Structures are given as structure tokens and as C-alpha cells.
Amino acid sequence: MKSLMNPGFVIVENMPEDPKYDGSGLSTFASKYLGGLQKHPLRESSHWTISTEATTHDDSNMLADADMRKGANSYNTSQQLCNHTDQSLYGLPGILLGFHCAMGEGNNSLTDGFAVAYAMRDRFPEEYKLLTTHGMNAGRRLEYYNANDLHFNTQHKVLTEDADGNLMRVQYHEIYRTPSTLSFDDFPKYFNALRTFYSLVHSPEFQVGIKLQAGQCLMMNNWRTMHGRAGLAGKKRTILGGTVTREAFYSQVRRLRQNEMSISPELECGLPVTYYKTLANTK
């Protein structure tokens, strides 16, 4: 759990088998250790399924049809997918993101978005400031769920700071960018900031590659670690994925600390975790 915060990702070995590809392995793991998977508003299950096999699909998703998958970049393994954070456009993104490789192998690229942001703050302070000040226009039309369609437009910041100016979240997905509503004078400077960020994210200085094998699960800090697909042409795989909310993960941390320090839920009474040590010493 500490590693998920810093450096921002872990590879879990010996995941429970999921021969039916029903997401049970990922769901069981997330419920036991991370607080449980987040539920999508239009998906029947809390997980999503991406597979090269036409017979393996999510029944909630009309992209189960092999012909419809051809135009979807999530399924087109002959193409690379640029580094991004998931759930970047609607609601507060889940703080954790997991990929359970149930069959085949995955070939992913990873970038520490915090490392890129701090490098920008040192090397390109004006560009960094723009990404923490102006929101990036983005939007999407989800028209492949059986339950309904979901259309939305947002203007979220690529880099979000807390009240003290510390970096708190990276939120970025290039392919969902929509026409900018910034002023004529601000747009060139902001676009240059986006271009600088994008270049650093995909540079050899910050980007690394990993291979995910069957039986492994890649868990990432979705507020920090950016991921992409480095190319899978000719390879087979089935990936079950899902997100965990910040509240669910924080709840799990609280429960663990309470157990470690033998603090009853009645005694802690909603105090921040940082006070647990003092509370334990006063019993």
C-alpha cells in the first residue's frame, strides 16, 4: 500500500485464477486489500474487460461485437496507446487502477507523472504554472453501453495542487482533448505547456517499459502513474481492470492502522490517522 503511493505502482504475483474471465480474481483482491472496486454508472460489473478474443467480452458493452472493436483503440493491439491516467473525464478519478492479466501478456509503458511535473516546475516554471491554473478542455461520447449513453465535457487541470502548493494529482488523457476555450492570447502559451508535458512524459528520461504476464496484476496510483500500451501486434491477451476510490483505499489504511495499534473504532472516533500514535499512547 505504501508502494502504491510512492513510487506509484506494484506488480502483484500469483493472482487468483480467473478462468471464466468474470473479474472475480481482481474483485476479490481489491476487496481484501484495497477497499473494493469502484462501480461504473453504466456497467453491470465493477470491472472492465479488454480481450483479443472475440468470445471474451463485457456483456454491458456493445463493443463485444468483433467488428465494432476494430475502431476502438482500447482493443486495437496493433497500435500504441500514449501514456495517460484512467477515468480522466468524469467525476473524481479513482486513486488506484488495476490490470489483472488473466491470459497472455501485456506490454505497457509507465511514467511517473509526479517526476515529470516536478521537472517541469524546475525547468519550465511558466509552463508548470499554466497546467496548474488553466483547465484542459476535454470530452467524450460513450455510446457503446447497453444501459444508456454518457456524454460529457470537462475542463480539468492536468496538474492539481493542494492548498499549500504541493502536487496532489496528475489527470491527463491526450485523445479526449476538445477545442480550447482559452483566450486568443492564452492559448499559444497553454498549448506549449501541454506539448512540453507530453514530450517529457514520453521521453526516455521518464518513460519505462514493463511486460505483464498471465497471473500478474499491475496496480497503479492513478493520480500519479501514467500508463500506455507499447504495442502488442500478433499477441493474445485478456485483461480485467478496475479502479478504487480514494475513500475506499483511505478506509483500508485506517482499518489497518487501528488493528496495528489496537485502537477500537469507538475510541478513534473519526480522528485523522496522524493522531493514532498519540491516541494509542494515552490508553
# chains A, B, ... in the order shown; residues from 1 in each chain; ligands from 1
call {"tool": "residues_around", "arguments": {"residues": "range 129-142 of chain A", "least_positions_apart": "4", "cutoff": "7 Å", "atoms": "only C-alpha atoms", "output": "number ranges by chain"}}
result
A: 89, 125, 149-161, 176-180, 190, 193
call {"tool": "write_last_selection", "arguments": {"atoms": "N, CA, C and O atoms", "output": "tab-separated table (two decimals), in the first residue's frame"}}
result
chain	number	residue	atom	x	y	z
A	89	LEU	N	-12.09	11.94	-17.19
A	89	LEU	CA	-13.02	12.95	-17.67
A	89	LEU	C	-14.29	13.13	-16.85
A	89	LEU	O	-14.92	14.16	-16.94
A	125	PRO	N	9.10	26.66	-15.34
A	125	PRO	CA	8.16	27.11	-14.30
A	125	PRO	C	6.91	27.78	-14.86
A	125	PRO	O	5.82	27.63	-14.28
A	149	ASP	N	-26.39	6.04	-22.97
A	149	ASP	CA	-25.23	6.78	-23.45
A	149	ASP	C	-24.77	7.74	-22.36
A	149	ASP	O	-25.53	8.12	-21.47
A	150	LEU	N	-23.50	8.14	-22.46
A	150	LEU	CA	-22.94	9.08	-21.49
A	150	LEU	C	-22.12	10.10	-22.27
A	150	LEU	O	-21.11	9.77	-22.86
A	151	HIS	N	-22.59	11.35	-22.29
A	151	HIS	CA	-21.91	12.44	-22.98
A	151	HIS	C	-21.45	13.46	-21.95
A	151	HIS	O	-22.22	13.85	-21.07
A	152	PHE	N	-20.22	13.95	-22.05
A	152	PHE	CA	-19.76	14.92	-21.08
A	152	PHE	C	-18.62	15.75	-21.63
A	152	PHE	O	-17.89	15.34	-22.53
A	153	ASN	N	-18.49	16.94	-21.08
A	153	ASN	CA	-17.38	17.84	-21.36
A	153	ASN	C	-16.85	18.35	-20.04
A	153	ASN	O	-17.62	18.66	-19.13
A	154	THR	N	-15.53	18.45	-19.92
A	154	THR	CA	-14.92	18.92	-18.69
A	154	THR	C	-13.81	19.92	-19.01
A	154	THR	O	-13.43	20.09	-20.17
A	155	GLN	N	-13.32	20.56	-17.99
A	155	GLN	CA	-12.17	21.45	-18.12
A	155	GLN	C	-11.30	21.26	-16.88
A	155	GLN	O	-11.15	22.15	-16.05
A	156	HIS	N	-10.73	20.07	-16.76
A	156	HIS	CA	-9.94	19.72	-15.58
A	156	HIS	C	-8.49	20.17	-15.75
A	156	HIS	O	-7.97	20.27	-16.86
A	157	LYS	N	-7.84	20.39	-14.63
A	157	LYS	CA	-6.42	20.76	-14.65
A	157	LYS	C	-5.58	19.51	-14.84
A	157	LYS	O	-5.84	18.48	-14.23
A	158	VAL	N	-4.55	19.60	-15.65
A	158	VAL	CA	-3.63	18.48	-15.83
A	158	VAL	C	-2.87	18.22	-14.53
A	158	VAL	O	-2.64	17.07	-14.15
A	159	LEU	N	-2.48	19.28	-13.83
A	159	LEU	CA	-1.76	19.18	-12.56
A	159	LEU	C	-2.55	19.91	-11.49
A	159	LEU	O	-2.81	21.10	-11.60
A	160	THR	N	-2.94	19.17	-10.46
A	160	THR	CA	-3.72	19.75	-9.36
A	160	THR	C	-2.86	19.83	-8.11
A	160	THR	O	-2.25	18.84	-7.69
A	161	GLU	N	-2.80	21.00	-7.51
A	161	GLU	CA	-2.06	21.22	-6.27
A	161	GLU	C	-3.03	21.31	-5.10
A	161	GLU	O	-4.21	21.65	-5.27
A	176	TYR	N	-8.71	12.73	-25.66
A	176	TYR	CA	-10.02	13.27	-25.37
A	176	TYR	C	-10.03	14.80	-25.38
A	176	TYR	O	-11.01	15.42	-24.98
A	177	ARG	N	-8.91	15.41	-25.81
A	177	ARG	CA	-8.85	16.86	-25.83
A	177	ARG	C	-9.83	17.42	-26.86
A	177	ARG	O	-9.96	16.91	-27.96
A	178	THR	N	-10.56	18.48	-26.48
A	178	THR	CA	-11.54	19.12	-27.35
A	178	THR	C	-11.11	20.56	-27.60
A	178	THR	O	-10.16	21.05	-26.99
A	179	PRO	N	-11.79	21.29	-28.52
A	179	PRO	CA	-11.39	22.67	-28.82
A	179	PRO	C	-11.27	23.52	-27.56
A	179	PRO	O	-12.13	23.51	-26.69
A	180	SER	N	-10.19	24.26	-27.48
A	180	SER	CA	-9.90	25.06	-26.30
A	180	SER	C	-10.82	26.27	-26.21
A	180	SER	O	-11.17	26.88	-27.22
A	190	TYR	N	-0.55	28.08	-23.38
A	190	TYR	CA	-1.06	26.87	-22.75
A	190	TYR	C	-0.77	25.65	-23.61
A	190	TYR	O	-0.39	24.58	-23.09
A	193	ALA	N	2.64	24.55	-23.10
A	193	ALA	CA	2.78	23.85	-21.82
A	193	ALA	C	2.34	22.39	-21.96
A	193	ALA	O	3.01	21.48	-21.45
call {"tool": "select_by_dssp", "arguments": {"residues": "range 132-258 of chain A", "states": "strand (DSSP E or B)", "output": "ChimeraX atom specification"}}
result
/A:135-142,145,150-157,159-161,167-170,177,207-213,217-221,225-229,237-244
call {"tool": "select_by_dssp", "arguments": {"residues": "range 15-257 of chain A", "states": "alpha helix (DSSP H)", "output": "PyMOL selection string"}}
result
chain A and resi 24-33+66-69+113-123+125-133+186-201+246-257
call {"tool": "write_last_selection", "arguments": {"atoms": "C-alpha atoms", "output": "mmCIF file, in the first residue's frame"}}
result
data_model
loop_
_atom_site.group_PDB
_atom_site.id
_atom_site.type_symbol
_atom_site.label_atom_id
_atom_site.label_comp_id
_atom_site.auth_asym_id
_atom_site.auth_seq_id
_atom_site.Cartn_x
_atom_site.Cartn_y
_atom_site.Cartn_z
ATOM 1 C CA SER A 24 -13.550 -12.428 -9.694
ATOM 2 C CA GLY A 25 -9.763 -12.526 -9.164
ATOM 3 C CA LEU A 26 -9.345 -8.747 -9.320
ATOM 4 C CA SER A 27 -12.531 -8.088 -7.353
ATOM 5 C CA THR A 28 -11.540 -10.481 -4.553
ATOM 6 C CA PHE A 29 -8.043 -8.995 -4.329
ATOM 7 C CA ALA A 30 -9.333 -5.406 -4.283
ATOM 8 C CA SER A 31 -11.975 -6.176 -1.659
ATOM 9 C CA LYS A 32 -9.496 -7.902 0.636
ATOM 10 C CA TYR A 33 -6.598 -5.455 0.415
ATOM 11 C CA ALA A 66 -15.695 -8.056 -33.028
ATOM 12 C CA ASP A 67 -16.462 -5.715 -35.950
ATOM 13 C CA MET A 68 -17.221 -2.807 -33.607
ATOM 14 C CA ARG A 69 -13.924 -3.340 -31.772
ATOM 15 C CA GLY A 113 3.685 11.888 -13.615
ATOM 16 C CA PHE A 114 4.913 13.497 -10.401
ATOM 17 C CA ALA A 115 8.531 13.237 -11.545
ATOM 18 C CA VAL A 116 7.578 14.919 -14.826
ATOM 19 C CA ALA A 117 5.641 17.655 -13.044
ATOM 20 C CA TYR A 118 8.460 18.439 -10.628
ATOM 21 C CA ALA A 119 10.922 18.509 -13.528
ATOM 22 C CA MET A 120 8.653 20.990 -15.293
ATOM 23 C CA ARG A 121 8.459 23.132 -12.169
ATOM 24 C CA ASP A 122 12.262 23.328 -12.097
ATOM 25 C CA ARG A 123 12.955 23.607 -15.833
ATOM 26 C CA PRO A 125 8.163 27.107 -14.302
ATOM 27 C CA GLU A 126 5.867 29.188 -16.515
ATOM 28 C CA GLU A 127 4.538 26.088 -18.308
ATOM 29 C CA TYR A 128 4.087 24.276 -14.979
ATOM 30 C CA LYS A 129 2.082 27.195 -13.618
ATOM 31 C CA LEU A 130 -0.219 27.179 -16.638
ATOM 32 C CA LEU A 131 -1.032 23.470 -16.166
ATOM 33 C CA THR A 132 -1.907 24.091 -12.511
ATOM 34 C CA THR A 133 -4.000 27.166 -13.316
ATOM 35 C CA ASP A 186 -3.537 32.473 -23.554
ATOM 36 C CA PHE A 187 -3.960 29.554 -25.962
ATOM 37 C CA PRO A 188 -0.453 29.512 -27.551
ATOM 38 C CA LYS A 189 1.234 29.561 -24.149
ATOM 39 C CA TYR A 190 -1.058 26.866 -22.749
ATOM 40 C CA PHE A 191 -0.658 24.623 -25.783
ATOM 41 C CA ASN A 192 3.108 24.939 -25.469
ATOM 42 C CA ALA A 193 2.784 23.847 -21.822
ATOM 43 C CA LEU A 194 0.775 20.788 -22.895
ATOM 44 C CA ARG A 195 3.324 19.971 -25.590
ATOM 45 C CA THR A 196 6.188 20.276 -23.094
ATOM 46 C CA PHE A 197 4.412 17.995 -20.608
ATOM 47 C CA TYR A 198 3.569 15.434 -23.313
ATOM 48 C CA SER A 199 7.161 15.354 -24.573
ATOM 49 C CA LEU A 200 8.586 14.768 -21.112
ATOM 50 C CA VAL A 201 6.016 12.058 -20.324
ATOM 51 C CA ARG A 246 -9.648 7.407 -2.680
ATOM 52 C CA GLU A 247 -12.209 6.937 0.119
ATOM 53 C CA ALA A 248 -12.151 3.122 -0.143
ATOM 54 C CA PHE A 249 -8.355 2.998 -0.071
ATOM 55 C CA TYR A 250 -8.124 5.508 2.796
ATOM 56 C CA SER A 251 -10.665 3.457 4.758
ATOM 57 C CA GLN A 252 -8.492 0.373 4.351
ATOM 58 C CA VAL A 253 -5.442 2.296 5.605
ATOM 59 C CA ARG A 254 -7.405 3.445 8.678
ATOM 60 C CA ARG A 255 -8.548 -0.102 9.468
ATOM 61 C CA LEU A 256 -5.014 -1.466 9.197
ATOM 62 C CA ARG A 257 -3.580 1.217 11.465
#
call {"tool": "residues_around", "arguments": {"residues": "Asn221 in chain A", "least_positions_apart": "2", "cutoff": "8 Å", "atoms": "only C-alpha atoms", "output": "list of chain:residue names"}}
result
A:Leu4, A:Met5, A:Gly8, A:Phe9, A:Ile95, A:Leu96, A:Leu97, A:Met219, A:Trp223, A:Arg224, A:Thr225
call {"tool": "residues_around", "arguments": {"residues": "Thr278 in chain A", "least_positions_apart": "4", "cutoff": "12 Å", "atoms": "only C-alpha atoms", "output": "PyMOL selection string"}}
result
chain A and resi 261+263+268+271-274+282-283
call {"tool": "write_last_selection", "arguments": {"atoms": "N, CA and C atoms", "output": "short mmCIF file (atom, residue, chain, number, x, y, z; two decimals), in the first residue's frame"}}
result
data_model
loop_
_atom_site.label_atom_id
_atom_site.label_comp_id
_atom_site.auth_asym_id
_atom_site.auth_seq_id
_atom_site.Cartn_x
_atom_site.Cartn_y
_atom_site.Cartn_z
N MET A 261 -2.37 -0.83 16.03
CA MET A 261 -2.20 -0.12 17.29
C MET A 261 -3.24 -0.50 18.35
N ILE A 263 -6.44 -0.02 18.42
CA ILE A 263 -7.34 1.08 18.70
C ILE A 263 -8.73 0.68 18.21
N GLU A 268 -11.26 5.74 18.38
CA GLU A 268 -10.63 6.67 17.43
C GLU A 268 -11.60 7.75 16.97
N LEU A 271 -10.87 10.48 14.19
CA LEU A 271 -9.65 11.29 14.19
C LEU A 271 -8.80 10.99 12.96
N PRO A 272 -8.04 11.95 12.46
CA PRO A 272 -7.10 11.67 11.37
C PRO A 272 -6.08 10.61 11.79
N VAL A 273 -5.60 9.83 10.82
CA VAL A 273 -4.66 8.76 11.11
C VAL A 273 -3.40 9.28 11.78
N THR A 274 -3.01 10.51 11.48
CA THR A 274 -1.78 11.08 12.06
C THR A 274 -1.84 11.18 13.58
N THR A 282 -2.06 7.06 24.94
CA THR A 282 -2.82 7.63 26.07
C THR A 282 -3.77 6.62 26.68
N LYS A 283 -3.84 5.41 26.12
CA LYS A 283 -4.78 4.41 26.64
C LYS A 283 -4.31 3.93 28.02
#
call {"tool": "residues_around", "arguments": {"residues": "His47 in chain A", "least_positions_apart": "4", "cutoff": "10 Å", "atoms": "only C-alpha atoms", "output": "PyMOL selection string"}}
result
chain A and resi 22-24+26-27+37-40+43+58+98-99+240-243
call {"tool": "write_last_selection", "arguments": {"atoms": "N, CA and C atoms", "output": "PDB file, in the first residue's frame"}}
result
ATOM      1  N   ASP A  22     -14.388 -13.456 -15.379  1.00  0.00           N
ATOM      2  CA  ASP A  22     -15.520 -12.724 -14.832  1.00  0.00           C
ATOM      3  C   ASP A  22     -15.112 -11.638 -13.843  1.00  0.00           C
ATOM      4  N   GLY A  23     -13.804 -11.395 -13.738  1.00  0.00           N
ATOM      5  CA  GLY A  23     -13.308 -10.346 -12.868  1.00  0.00           C
ATOM      6  C   GLY A  23     -13.229 -10.735 -11.407  1.00  0.00           C
ATOM      7  N   SER A  24     -13.507 -12.006 -11.094  1.00  0.00           N
ATOM      8  CA  SER A  24     -13.550 -12.428  -9.694  1.00  0.00           C
ATOM      9  C   SER A  24     -12.182 -12.318  -9.024  1.00  0.00           C
ATOM     10  N   LEU A  26      -9.640 -10.144  -9.637  1.00  0.00           N
ATOM     11  CA  LEU A  26      -9.345  -8.747  -9.320  1.00  0.00           C
ATOM     12  C   LEU A  26     -10.269  -8.219  -8.233  1.00  0.00           C
ATOM     13  N   SER A  27     -11.555  -8.568  -8.325  1.00  0.00           N
ATOM     14  CA  SER A  27     -12.531  -8.088  -7.353  1.00  0.00           C
ATOM     15  C   SER A  27     -12.216  -8.607  -5.954  1.00  0.00           C
ATOM     16  N   LEU A  37     -13.584  -2.504  -5.487  1.00  0.00           N
ATOM     17  CA  LEU A  37     -13.594  -1.818  -6.779  1.00  0.00           C
ATOM     18  C   LEU A  37     -14.713  -0.792  -6.870  1.00  0.00           C
ATOM     19  N   GLN A  38     -14.453   0.228  -7.657  1.00  0.00           N
ATOM     20  CA  GLN A  38     -15.414   1.294  -7.907  1.00  0.00           C
ATOM     21  C   GLN A  38     -16.404   0.856  -8.976  1.00  0.00           C
ATOM     22  N   LYS A  39     -17.667   1.244  -8.834  1.00  0.00           N
ATOM     23  CA  LYS A  39     -18.713   0.858  -9.792  1.00  0.00           C
ATOM     24  C   LYS A  39     -18.914   1.939 -10.834  1.00  0.00           C
ATOM     25  N   HIS A  40     -18.857   1.548 -12.116  1.00  0.00           N
ATOM     26  CA  HIS A  40     -19.147   2.459 -13.230  1.00  0.00           C
ATOM     27  C   HIS A  40     -20.662   2.639 -13.343  1.00  0.00           C
ATOM     28  N   ARG A  43     -22.018   0.312 -16.331  1.00  0.00           N
ATOM     29  CA  ARG A  43     -21.515  -1.055 -16.474  1.00  0.00           C
ATOM     30  C   ARG A  43     -22.134  -1.938 -15.397  1.00  0.00           C
ATOM     31  N   ASP A  58     -17.365  -7.988 -22.202  1.00  0.00           N
ATOM     32  CA  ASP A  58     -18.226  -7.478 -21.146  1.00  0.00           C
ATOM     33  C   ASP A  58     -19.629  -7.355 -21.725  1.00  0.00           C
ATOM     34  N   GLY A  98      -6.125  -0.986 -11.489  1.00  0.00           N
ATOM     35  CA  GLY A  98      -5.525  -2.306 -11.563  1.00  0.00           C
ATOM     36  C   GLY A  98      -5.778  -3.005 -12.879  1.00  0.00           C
ATOM     37  N   PHE A  99      -4.766  -3.699 -13.397  1.00  0.00           N
ATOM     38  CA  PHE A  99      -4.880  -4.543 -14.588  1.00  0.00           C
ATOM     39  C   PHE A  99      -4.517  -5.973 -14.197  1.00  0.00           C
ATOM     40  N   LEU A 240      -8.447  -7.865 -17.192  1.00  0.00           N
ATOM     41  CA  LEU A 240      -9.572  -7.406 -16.385  1.00  0.00           C
ATOM     42  C   LEU A 240      -9.087  -6.219 -15.569  1.00  0.00           C
ATOM     43  N   GLY A 241      -9.798  -5.108 -15.641  1.00  0.00           N
ATOM     44  CA  GLY A 241      -9.333  -3.904 -14.969  1.00  0.00           C
ATOM     45  C   GLY A 241     -10.410  -3.234 -14.148  1.00  0.00           C
ATOM     46  N   GLY A 242      -9.977  -2.380 -13.228  1.00  0.00           N
ATOM     47  CA  GLY A 242     -10.926  -1.634 -12.420  1.00  0.00           C
ATOM     48  C   GLY A 242     -10.215  -0.583 -11.593  1.00  0.00           C
ATOM     49  N   THR A 243     -10.999   0.306 -10.986  1.00  0.00           N
ATOM     50  CA  THR A 243     -10.454   1.387 -10.173  1.00  0.00           C
ATOM     51  C   THR A 243     -10.950   1.286  -8.732  1.00  0.00           C
TER      52      THR A 243
END
call {"tool": "closest_residue", "arguments": {"among": "A:Ser203, A:Ser264, A:Ser88, A:Ser60", "to": "Asp112 in chain A", "atoms": "only C-alpha atoms"}}
result
A:Ser203
call {"tool": "decode", "arguments": {"residues": "range 122-202 of chain A", "atoms": "C-alpha atoms", "output": "mmCIF file, in the first residue's frame"}}
result
data_model
loop_
_atom_site.group_PDB
_atom_site.id
_atom_site.type_symbol
_atom_site.label_atom_id
_atom_site.label_comp_id
_atom_site.auth_asym_id
_atom_site.auth_seq_id
_atom_site.Cartn_x
_atom_site.Cartn_y
_atom_site.Cartn_z
ATOM 1 C CA ASP A 122 12.262 23.328 -12.097
ATOM 2 C CA ARG A 123 12.955 23.607 -15.833
ATOM 3 C CA PHE A 124 9.819 25.253 -17.219
ATOM 4 C CA PRO A 125 8.163 27.107 -14.302
ATOM 5 C CA GLU A 126 5.867 29.188 -16.515
ATOM 6 C CA GLU A 127 4.538 26.088 -18.308
ATOM 7 C CA TYR A 128 4.087 24.276 -14.979
ATOM 8 C CA LYS A 129 2.082 27.195 -13.618
ATOM 9 C CA LEU A 130 -0.219 27.179 -16.638
ATOM 10 C CA LEU A 131 -1.032 23.470 -16.166
ATOM 11 C CA THR A 132 -1.907 24.091 -12.511
ATOM 12 C CA THR A 133 -4.000 27.166 -13.316
ATOM 13 C CA HIS A 134 -5.959 26.526 -16.521
ATOM 14 C CA GLY A 135 -8.133 23.507 -17.181
ATOM 15 C CA MET A 136 -7.748 21.381 -20.314
ATOM 16 C CA ASN A 137 -10.912 21.179 -22.402
ATOM 17 C CA ALA A 138 -11.837 17.529 -22.876
ATOM 18 C CA GLY A 139 -14.892 15.460 -23.633
ATOM 19 C CA ARG A 140 -16.225 12.152 -24.826
ATOM 20 C CA ARG A 141 -19.363 10.404 -26.057
ATOM 21 C CA LEU A 142 -19.778 6.911 -24.613
ATOM 22 C CA GLU A 143 -22.344 5.311 -26.911
ATOM 23 C CA TYR A 144 -21.465 1.643 -26.599
ATOM 24 C CA TYR A 145 -23.090 0.683 -23.304
ATOM 25 C CA ASN A 146 -26.353 -1.227 -23.442
ATOM 26 C CA ALA A 147 -27.796 0.662 -20.473
ATOM 27 C CA ASN A 148 -27.542 4.181 -21.917
ATOM 28 C CA ASP A 149 -25.230 6.783 -23.453
ATOM 29 C CA LEU A 150 -22.941 9.082 -21.495
ATOM 30 C CA HIS A 151 -21.908 12.439 -22.984
ATOM 31 C CA PHE A 152 -19.763 14.919 -21.075
ATOM 32 C CA ASN A 153 -17.376 17.842 -21.361
ATOM 33 C CA THR A 154 -14.916 18.918 -18.686
ATOM 34 C CA GLN A 155 -12.171 21.455 -18.117
ATOM 35 C CA HIS A 156 -9.942 19.723 -15.576
ATOM 36 C CA LYS A 157 -6.421 20.756 -14.645
ATOM 37 C CA VAL A 158 -3.630 18.482 -15.828
ATOM 38 C CA LEU A 159 -1.756 19.181 -12.564
ATOM 39 C CA THR A 160 -3.715 19.747 -9.360
ATOM 40 C CA GLU A 161 -2.063 21.220 -6.271
ATOM 41 C CA ASP A 162 -3.322 21.236 -2.699
ATOM 42 C CA ALA A 163 -3.876 24.394 -0.631
ATOM 43 C CA ASP A 164 -0.172 24.521 0.250
ATOM 44 C CA GLY A 165 1.004 24.290 -3.365
ATOM 45 C CA ASN A 166 2.042 20.628 -3.197
ATOM 46 C CA LEU A 167 1.318 18.459 -6.217
ATOM 47 C CA MET A 168 -1.717 16.288 -5.465
ATOM 48 C CA ARG A 169 -2.935 14.749 -8.730
ATOM 49 C CA VAL A 170 -1.996 14.276 -12.395
ATOM 50 C CA GLN A 171 -5.003 13.940 -14.707
ATOM 51 C CA TYR A 172 -4.362 13.613 -18.430
ATOM 52 C CA HIS A 173 -5.633 11.768 -21.495
ATOM 53 C CA GLU A 174 -4.488 13.243 -24.799
ATOM 54 C CA ILE A 175 -7.045 11.684 -27.148
ATOM 55 C CA TYR A 176 -10.020 13.274 -25.367
ATOM 56 C CA ARG A 177 -8.847 16.863 -25.833
ATOM 57 C CA THR A 178 -11.542 19.118 -27.349
ATOM 58 C CA PRO A 179 -11.389 22.667 -28.819
ATOM 59 C CA SER A 180 -9.904 25.055 -26.298
ATOM 60 C CA THR A 181 -11.999 27.822 -24.753
ATOM 61 C CA LEU A 182 -8.958 29.786 -23.589
ATOM 62 C CA SER A 183 -8.488 33.313 -24.863
ATOM 63 C CA PHE A 184 -6.622 34.045 -28.077
ATOM 64 C CA ASP A 185 -3.655 35.332 -26.070
ATOM 65 C CA ASP A 186 -3.537 32.473 -23.554
ATOM 66 C CA PHE A 187 -3.960 29.554 -25.962
ATOM 67 C CA PRO A 188 -0.453 29.512 -27.551
ATOM 68 C CA LYS A 189 1.234 29.561 -24.149
ATOM 69 C CA TYR A 190 -1.058 26.866 -22.749
ATOM 70 C CA PHE A 191 -0.658 24.623 -25.783
ATOM 71 C CA ASN A 192 3.108 24.939 -25.469
ATOM 72 C CA ALA A 193 2.784 23.847 -21.822
ATOM 73 C CA LEU A 194 0.775 20.788 -22.895
ATOM 74 C CA ARG A 195 3.324 19.971 -25.590
ATOM 75 C CA THR A 196 6.188 20.276 -23.094
ATOM 76 C CA PHE A 197 4.412 17.995 -20.608
ATOM 77 C CA TYR A 198 3.569 15.434 -23.313
ATOM 78 C CA SER A 199 7.161 15.354 -24.573
ATOM 79 C CA LEU A 200 8.586 14.768 -21.112
ATOM 80 C CA VAL A 201 6.016 12.058 -20.324
ATOM 81 C CA HIS A 202 7.149 10.050 -23.361
#
